[in-house]
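Visitor: First, the structure itself, so that you have it in front of you.
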Amino acid sequence: MRCAITVARRHRLPQINERNVVPLPSPPHVAVPNRASAAQPAGAPRVREVAFVRRVYRLRVLGLGLGMFCVAPVLWLQGSGWWWLLLACNGLVWPHVARRLAEQSSAPRRAEERNLMVDSALGGMWIAVMQFNLLPSMLLLTMLAVDKIGAGGPRFMVRTLACLVAACVATSALLGFPVALATPMPVMLACLPLLVVYPLAISLANHALASRIVQQNRRLDELGRTDDLTGLANRRHGLAVAEAELIRARETGRPVSLILLDLDHFKAINDVHGHLVGDDVLRGVAQALRRSSRGGSDTPVRYGGDEFILILPDTNLDGAEETAARIRAHIEGLAFERLPQLHCTLSLGAAQVSPRAEDLEGWIQRADLALYAAKSAGRDKFGAASAVRVA
């Protein structure tokens with residue numbers, strides 16, 4: 001089975017006079033499904049929630065570990081006893097217990113939000129135990145608030161603040177409402193690691209998250225401009241590039257050509273050999289277009305179905321014909337793993353931007369008419385508007 005490209009044999013087609021041509025209806029274009037829009041795997045939401053749990057875990061280990069240094073000197077000055085054991089459990093044991101509880105939950109994010117509320121309640125308890133010692137109390141309050149805004153926004157921060165206040169009032173009531181606001185120098189020095197290191201850690205975590213979001217947005221933008229099967233520019237992006245080149249040609253007078261090409265007898269390939277082989281052929285054509293294009297200048301586009309466009313800035317019809325010859329050479333060298341004996345051919349039609357005012361639709365239609373003439377001459381031909389040449 002041959003599916004042939006049009007550039008090398010020298011024949012003659014009747015010339016097309018643009019002024020006398022009756023516009024022919026363009027062939028229908030097949031809409032290409034976007035496979036990137038397929039539904040996500042069922043486990044994807046849970047994976048994201050577990051990733052959230054692990055981010056919080058790292059910050060919790062650091063924050064509670066440094067927070068111990070703020071509370072410990074106050075307990076030492078107060079001569080507290082069993083509070084030391086509870087402080088060690090809070091700073092060294094609770095982060096790991098919280099992670100395990102969240103990861104084993106059927107709703108990890110919701111479980112982690114409960115853990116964060118426990119963090120705030122414990123923070124309120126320690127503020128009361130320290131008898132509202134000013135610097136460490138305000139530092140714990142501020143860091144806990146920043147934590148919660150980063151995890152769930154201002155509303156979540158307000159909810160956790162209510163837990164903090166309730167735990168603080170209850171603990172202070174049990175202790176007889178003691179108050180000792182003065183902060184001695186040893187306590188100030190012990191607060192410095194939390195004051196310096198923890199905000200930097202939160203900033204780094206937020207920067208990493210923002211960078212991932214930027215990368216994802218770039219990827220989404222790329223997917224919105226790329227055909228999923230071939231990796232070429234999709235129809236929408238290709239037409240936008242062609243429109244921009246058309247405007248540039250009007251402003252500068254520089255030549256711009258467009259080649260419209262499609263596979264000969266592609267339907268027969270799909271019908272006889274199946275759509276997997278058909279997809280291999282389309283990918284092969286895309287590969288040939290890339291190899292035949294000038295990187296950074298030409299734009300190969302999957303126009304729809306088995307139709308492709310190649311946009312050639314600073315190129316007249318002679319240059320377009322040379323490009324078509326390169327495409328043919330690459331097509332002839334294609335080998336398909338599923339069907340090694342298959343050889344494909346193309347028919348091509350080219351049009352240079354007219355010096356007269358014309359829109360994008362008119363430019364593509366002239367290339368389409370040249371392609372139609374090439375196919376009418378027996379396929380495996382190259383046609384150029386307005387004087388259609390065949391090679």
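The chains in the structure tokens are called A, B, ... from first to last as shown; in each chain the residues are counted from 1, and the ligands are counted from 1 in the order shown.
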Write out as a PDB file with C-alpha atoms, in the first residue's frame each polymer residue whose atoms come within 9 Å of Pro255 in chain A, counting only C-alpha atoms; drop sequence neighbours fewer than 6 positions from it.
Guide:
```
ATOM      1  CA  ALA A 249       4.078  40.224   5.648  1.00  0.00           C
ATOM      2  CA  LEU A 312       7.427  29.300   6.179  1.00  0.00           C
ATOM      3  CA  PRO A 313       8.444  32.889   7.025  1.00  0.00           C
ATOM      4  CA  ASP A 314      10.766  34.697   4.602  1.00  0.00           C
ATOM      5  CA  THR A 315      10.085  32.034   1.960  1.00  0.00           C
ATOM      6  CA  ASN A 316       8.702  32.369  -1.572  1.00  0.00           C
ATOM      7  CA  LEU A 317       7.128  29.598  -3.666  1.00  0.00           C
ATOM      8  CA  GLN A 352       2.637  32.681  -0.894  1.00  0.00           C
ATOM      9  CA  VAL A 353       0.969  35.628   0.797  1.00  0.00           C
ATOM     10  CA  SER A 354      -0.593  37.730  -1.915  1.00  0.00           C
TER      11      SER A 354
END
```
Visitor: List the neighbours of range 279-282 of chain A out to 9 Å using only C-alpha atoms; skip same-chain residues closer than 6 positions along the sequence, and give me the result as a ChimeraX atom specification.
Guide: /A:229-230,263,266,269-270,305-306,334,336-338,344
Visitor: Could you produce a table of the residues of range 141-175 of chain A lying within 10 Å of range 49-64 of chain A, with the nearest pair of atoms per residue and their separation in Å rounded to one decimal, using only C-alpha atoms, ordered by chain and increasing residue number, as JSON lines?
Guide:
```
{"residue": "A:Met143", "atom": "CA", "partner": "A:Gly63", "partner_atom": "CA", "distance": 8.3}
{"residue": "A:Leu144", "atom": "CA", "partner": "A:Gly63", "partner_atom": "CA", "distance": 9.0}
{"residue": "A:Asp147", "atom": "CA", "partner": "A:Leu59", "partner_atom": "CA", "distance": 8.6}
{"residue": "A:Gly150", "atom": "CA", "partner": "A:Val56", "partner_atom": "CA", "distance": 9.7}
{"residue": "A:Ala151", "atom": "CA", "partner": "A:Val56", "partner_atom": "CA", "distance": 7.8}
```
Visitor: If you keep N, CA, C and O atoms, can you produce a file of those selected residues as an mmCIF file, in the first residue's frame?
Guide:
```
data_model
loop_
_atom_site.group_PDB
_atom_site.id
_atom_site.type_symbol
_atom_site.label_atom_id
_atom_site.label_comp_id
_atom_site.auth_asym_id
_atom_site.auth_seq_id
_atom_site.Cartn_x
_atom_site.Cartn_y
_atom_site.Cartn_z
ATOM 1 N N MET A 143 3.680 32.436 64.905
ATOM 2 C CA MET A 143 4.087 31.346 64.037
ATOM 3 C C MET A 143 2.943 30.373 63.769
ATOM 4 O O MET A 143 2.791 29.857 62.658
ATOM 5 N N LEU A 144 2.129 30.126 64.771
ATOM 6 C CA LEU A 144 0.977 29.244 64.576
ATOM 7 C C LEU A 144 -0.020 29.860 63.602
ATOM 8 O O LEU A 144 -0.615 29.167 62.772
ATOM 9 N N ASP A 147 1.415 29.628 60.084
ATOM 10 C CA ASP A 147 1.286 28.224 59.685
ATOM 11 C C ASP A 147 -0.089 27.927 59.110
ATOM 12 O O ASP A 147 -0.241 27.295 58.062
ATOM 13 N N GLY A 150 -0.950 29.574 55.753
ATOM 14 C CA GLY A 150 -0.315 28.841 54.652
ATOM 15 C C GLY A 150 -1.002 27.530 54.336
ATOM 16 O O GLY A 150 -1.054 27.108 53.193
ATOM 17 N N ALA A 151 -1.580 26.891 55.356
ATOM 18 C CA ALA A 151 -2.207 25.581 55.149
ATOM 19 C C ALA A 151 -3.642 25.681 54.653
ATOM 20 O O ALA A 151 -4.076 24.866 53.827
#
```
Visitor: Compare A:Gly81, A:Ile127, A:Leu174, A:Thr160 by their minimum atom-to-atom distance to Arg114 in chain A, counting only C-alpha atoms, and give me the closest one.
Guide: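 Of all the options, A:Thr160 lies closest to Arg114 in chain A.
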Visitor: Do you know which residues are at most 12 Å from Ser106 in chain A counting only C-alpha atoms, after dropping those on the same chain fewer than 6 positions away, and could you put them as a PDB file with N, CA, C and O atoms, in the first residue's frame?
Guide:
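Listed below is the output, result23.pdb:
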```pdb
ATOM      1  N   GLY A  43      -7.075   7.685  42.169  1.00  0.00           N
ATOM      2  CA  GLY A  43      -6.227   7.903  43.335  1.00  0.00           C
ATOM      3  C   GLY A  43      -5.527   9.242  43.353  1.00  0.00           C
ATOM      4  O   GLY A  43      -4.813   9.557  44.312  1.00  0.00           O
ATOM      5  N   PRO A  45      -6.566  12.482  43.746  1.00  0.00           N
ATOM      6  CA  PRO A  45      -6.839  13.381  44.869  1.00  0.00           C
ATOM      7  C   PRO A  45      -6.154  12.927  46.152  1.00  0.00           C
ATOM      8  O   PRO A  45      -5.625  13.760  46.906  1.00  0.00           O
ATOM      9  N   ARG A  46      -6.148  11.635  46.427  1.00  0.00           N
ATOM     10  CA  ARG A  46      -5.506  11.156  47.654  1.00  0.00           C
ATOM     11  C   ARG A  46      -3.998  11.393  47.611  1.00  0.00           C
ATOM     12  O   ARG A  46      -3.388  11.747  48.624  1.00  0.00           O
ATOM     13  N   VAL A  47      -3.396  11.210  46.439  1.00  0.00           N
ATOM     14  CA  VAL A  47      -1.958  11.460  46.319  1.00  0.00           C
ATOM     15  C   VAL A  47      -1.645  12.913  46.662  1.00  0.00           C
ATOM     16  O   VAL A  47      -0.674  13.204  47.377  1.00  0.00           O
ATOM     17  N   GLU A  49      -3.431  14.886  48.584  1.00  0.00           N
ATOM     18  CA  GLU A  49      -3.668  15.105  50.010  1.00  0.00           C
ATOM     19  C   GLU A  49      -2.520  14.563  50.849  1.00  0.00           C
ATOM     20  O   GLU A  49      -2.117  15.185  51.841  1.00  0.00           O
ATOM     21  N   VAL A  50      -1.991  13.402  50.477  1.00  0.00           N
ATOM     22  CA  VAL A  50      -0.857  12.837  51.217  1.00  0.00           C
ATOM     23  C   VAL A  50       0.370  13.734  51.047  1.00  0.00           C
ATOM     24  O   VAL A  50       1.153  13.922  51.996  1.00  0.00           O
ATOM     25  N   GLU A 112      -5.476  15.946  58.540  1.00  0.00           N
ATOM     26  CA  GLU A 112      -4.361  16.865  58.810  1.00  0.00           C
ATOM     27  C   GLU A 112      -4.866  18.202  59.323  1.00  0.00           C
ATOM     28  O   GLU A 112      -4.228  18.838  60.172  1.00  0.00           O
TER      29      GLU A 112
END
```
Visitor: Among range 101-317 of chain A, which residues does DSSP mark as helix (DSSP H, G or I) when it is run on the backbone? Keep the chain and numbering as in the structure and answer as a PyMOL selection string.
Guide: chain A and resi 101-103+108-129+134-175+185-225+235-252+266-273+275-292+317
Visitor: Expressed in Å to a single decimal, how great is the separation between CA of Arg302 in chain A and CA of Thr226 in chain A?
Guide: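 These two atoms are separated by 8.9 Å.
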Visitor: Can you tell me, as a CSV table (one decimal) with N, CA and C atoms, in the first residue's frame, what residues are no more than 12 Å from Val118 in chain A when counting only C-alpha atoms, ignoring any on the same chain fewer than 5 positions away?
Guide:
```
chain,number,residue,atom,x,y,z
A,60,ARG,N,6.1,20.9,60.7
A,60,ARG,CA,5.8,20.6,62.1
A,60,ARG,C,7.0,20.1,62.8
A,90,ASN,N,5.3,16.6,73.0
A,90,ASN,CA,4.8,17.5,72.0
A,90,ASN,C,5.8,17.8,70.9
A,94,TRP,N,4.8,14.0,68.9
A,94,TRP,CA,3.5,14.4,68.3
A,94,TRP,C,3.7,14.5,66.7
A,95,PRO,N,4.7,15.1,66.2
A,95,PRO,CA,4.8,15.3,64.7
A,95,PRO,C,4.7,14.0,64.0
A,97,VAL,N,3.3,11.1,65.2
A,97,VAL,CA,2.0,10.5,65.4
A,97,VAL,C,1.0,11.2,64.5
A,98,ALA,N,1.1,12.6,64.4
A,98,ALA,CA,0.1,13.3,63.5
A,98,ALA,C,0.2,12.9,62.1
A,111,ALA,N,-8.0,15.0,58.0
A,111,ALA,CA,-7.3,14.5,59.2
A,111,ALA,C,-6.2,15.5,59.6
A,112,GLU,N,-5.5,15.9,58.5
A,112,GLU,CA,-4.4,16.9,58.8
A,112,GLU,C,-4.9,18.2,59.3
A,113,GLU,N,-6.0,18.6,58.9
A,113,GLU,CA,-6.6,19.9,59.4
A,113,GLU,C,-7.0,19.7,60.9
A,123,GLY,N,-0.5,24.9,71.4
A,123,GLY,CA,0.2,26.2,71.5
A,123,GLY,C,-0.4,27.1,72.5
A,124,GLY,N,-1.8,27.1,72.6
A,124,GLY,CA,-2.5,27.9,73.6
A,124,GLY,C,-2.2,27.4,75.0
A,125,MET,N,-2.1,26.0,75.1
A,125,MET,CA,-1.8,25.5,76.4
A,125,MET,C,-0.4,25.9,76.9
A,144,LEU,N,2.1,30.1,64.8
A,144,LEU,CA,1.0,29.2,64.6
A,144,LEU,C,0.0,29.9,63.6
A,148,LYS,N,-1.1,28.4,59.8
A,148,LYS,CA,-2.5,28.0,59.4
A,148,LYS,C,-2.9,28.8,58.2
A,159,ARG,N,-10.4,29.7,62.7
A,159,ARG,CA,-10.9,28.5,63.4
A,159,ARG,C,-9.9,27.9,64.3
A,160,THR,N,-8.6,27.9,63.9
A,160,THR,CA,-7.6,27.3,64.8
A,160,THR,C,-7.3,28.3,65.9
A,161,LEU,N,-7.4,29.6,65.7
A,161,LEU,CA,-7.2,30.6,66.7
A,161,LEU,C,-8.2,30.4,67.8
A,162,ALA,N,-9.5,30.0,67.5
A,162,ALA,CA,-10.5,29.8,68.5
A,162,ALA,C,-10.0,28.6,69.4
A,163,CYS,N,-9.5,27.5,68.8
A,163,CYS,CA,-9.0,26.4,69.6
A,163,CYS,C,-7.8,26.8,70.5
A,164,LEU,N,-7.0,27.7,70.0
A,164,LEU,CA,-5.8,28.2,70.8
A,164,LEU,C,-6.3,29.0,72.0
A,166,ALA,N,-9.3,28.9,73.4
A,166,ALA,CA,-10.0,28.0,74.3
A,166,ALA,C,-9.1,27.2,75.2
A,167,ALA,N,-8.1,26.6,74.6
A,167,ALA,CA,-7.1,25.8,75.3
A,167,ALA,C,-6.3,26.7,76.3
```
Visitor: Between A:Leu261, A:Ala286, A:Leu339, A:Ile331, which residue has the minimum interatomic distance to Ala374 in chain A, considering only C-alpha atoms?
Guide: A:Leu261
Visitor: Which of these residues is nearest to Pro340 in chain A, using only C-alpha atoms: A:His273, A:Arg109, A:Arg236, A:Arg225?
Guide: A:His273
Visitor: Excluding Leu175 in chain A and any residue of its chain fewer than 3 positions from it, enumerate the residues within 12 Å of it, using only C-alpha atoms, and give them as a list in words.
Guide: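 So the residues in contact are Met125, Trp126, Ile127, Ala128, Val129, Met130, Gln131, Cys168, Val169, Ala170, Thr171, Ser172, Pro178 and Val179 of chain A.
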Visitor: I'd like the neighbourhood of Ala384 in chain A as a VMD selection string, where a residue qualifies if any of its atoms comes within 6 Å (using only C-alpha atoms), though same-chain residues fewer than 6 positions away should be ignored.
Guide: chain A and resid 349 to 351 370
Visitor: Give me, please, the distance in Å between CA of Arg291 in chain A and CA of Glu307 in chain A, quoted to one decimal.
Guide: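 If I compute the distance from CA of Arg291 in chain A to CA of Glu307 in chain A, I get 17.5 Å.
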Visitor: Using CA of Leu346 in chain A and CA of Ala242 in chain A as the two end points, give the distance in Å to one decimal.
Guide: 21.6 Å
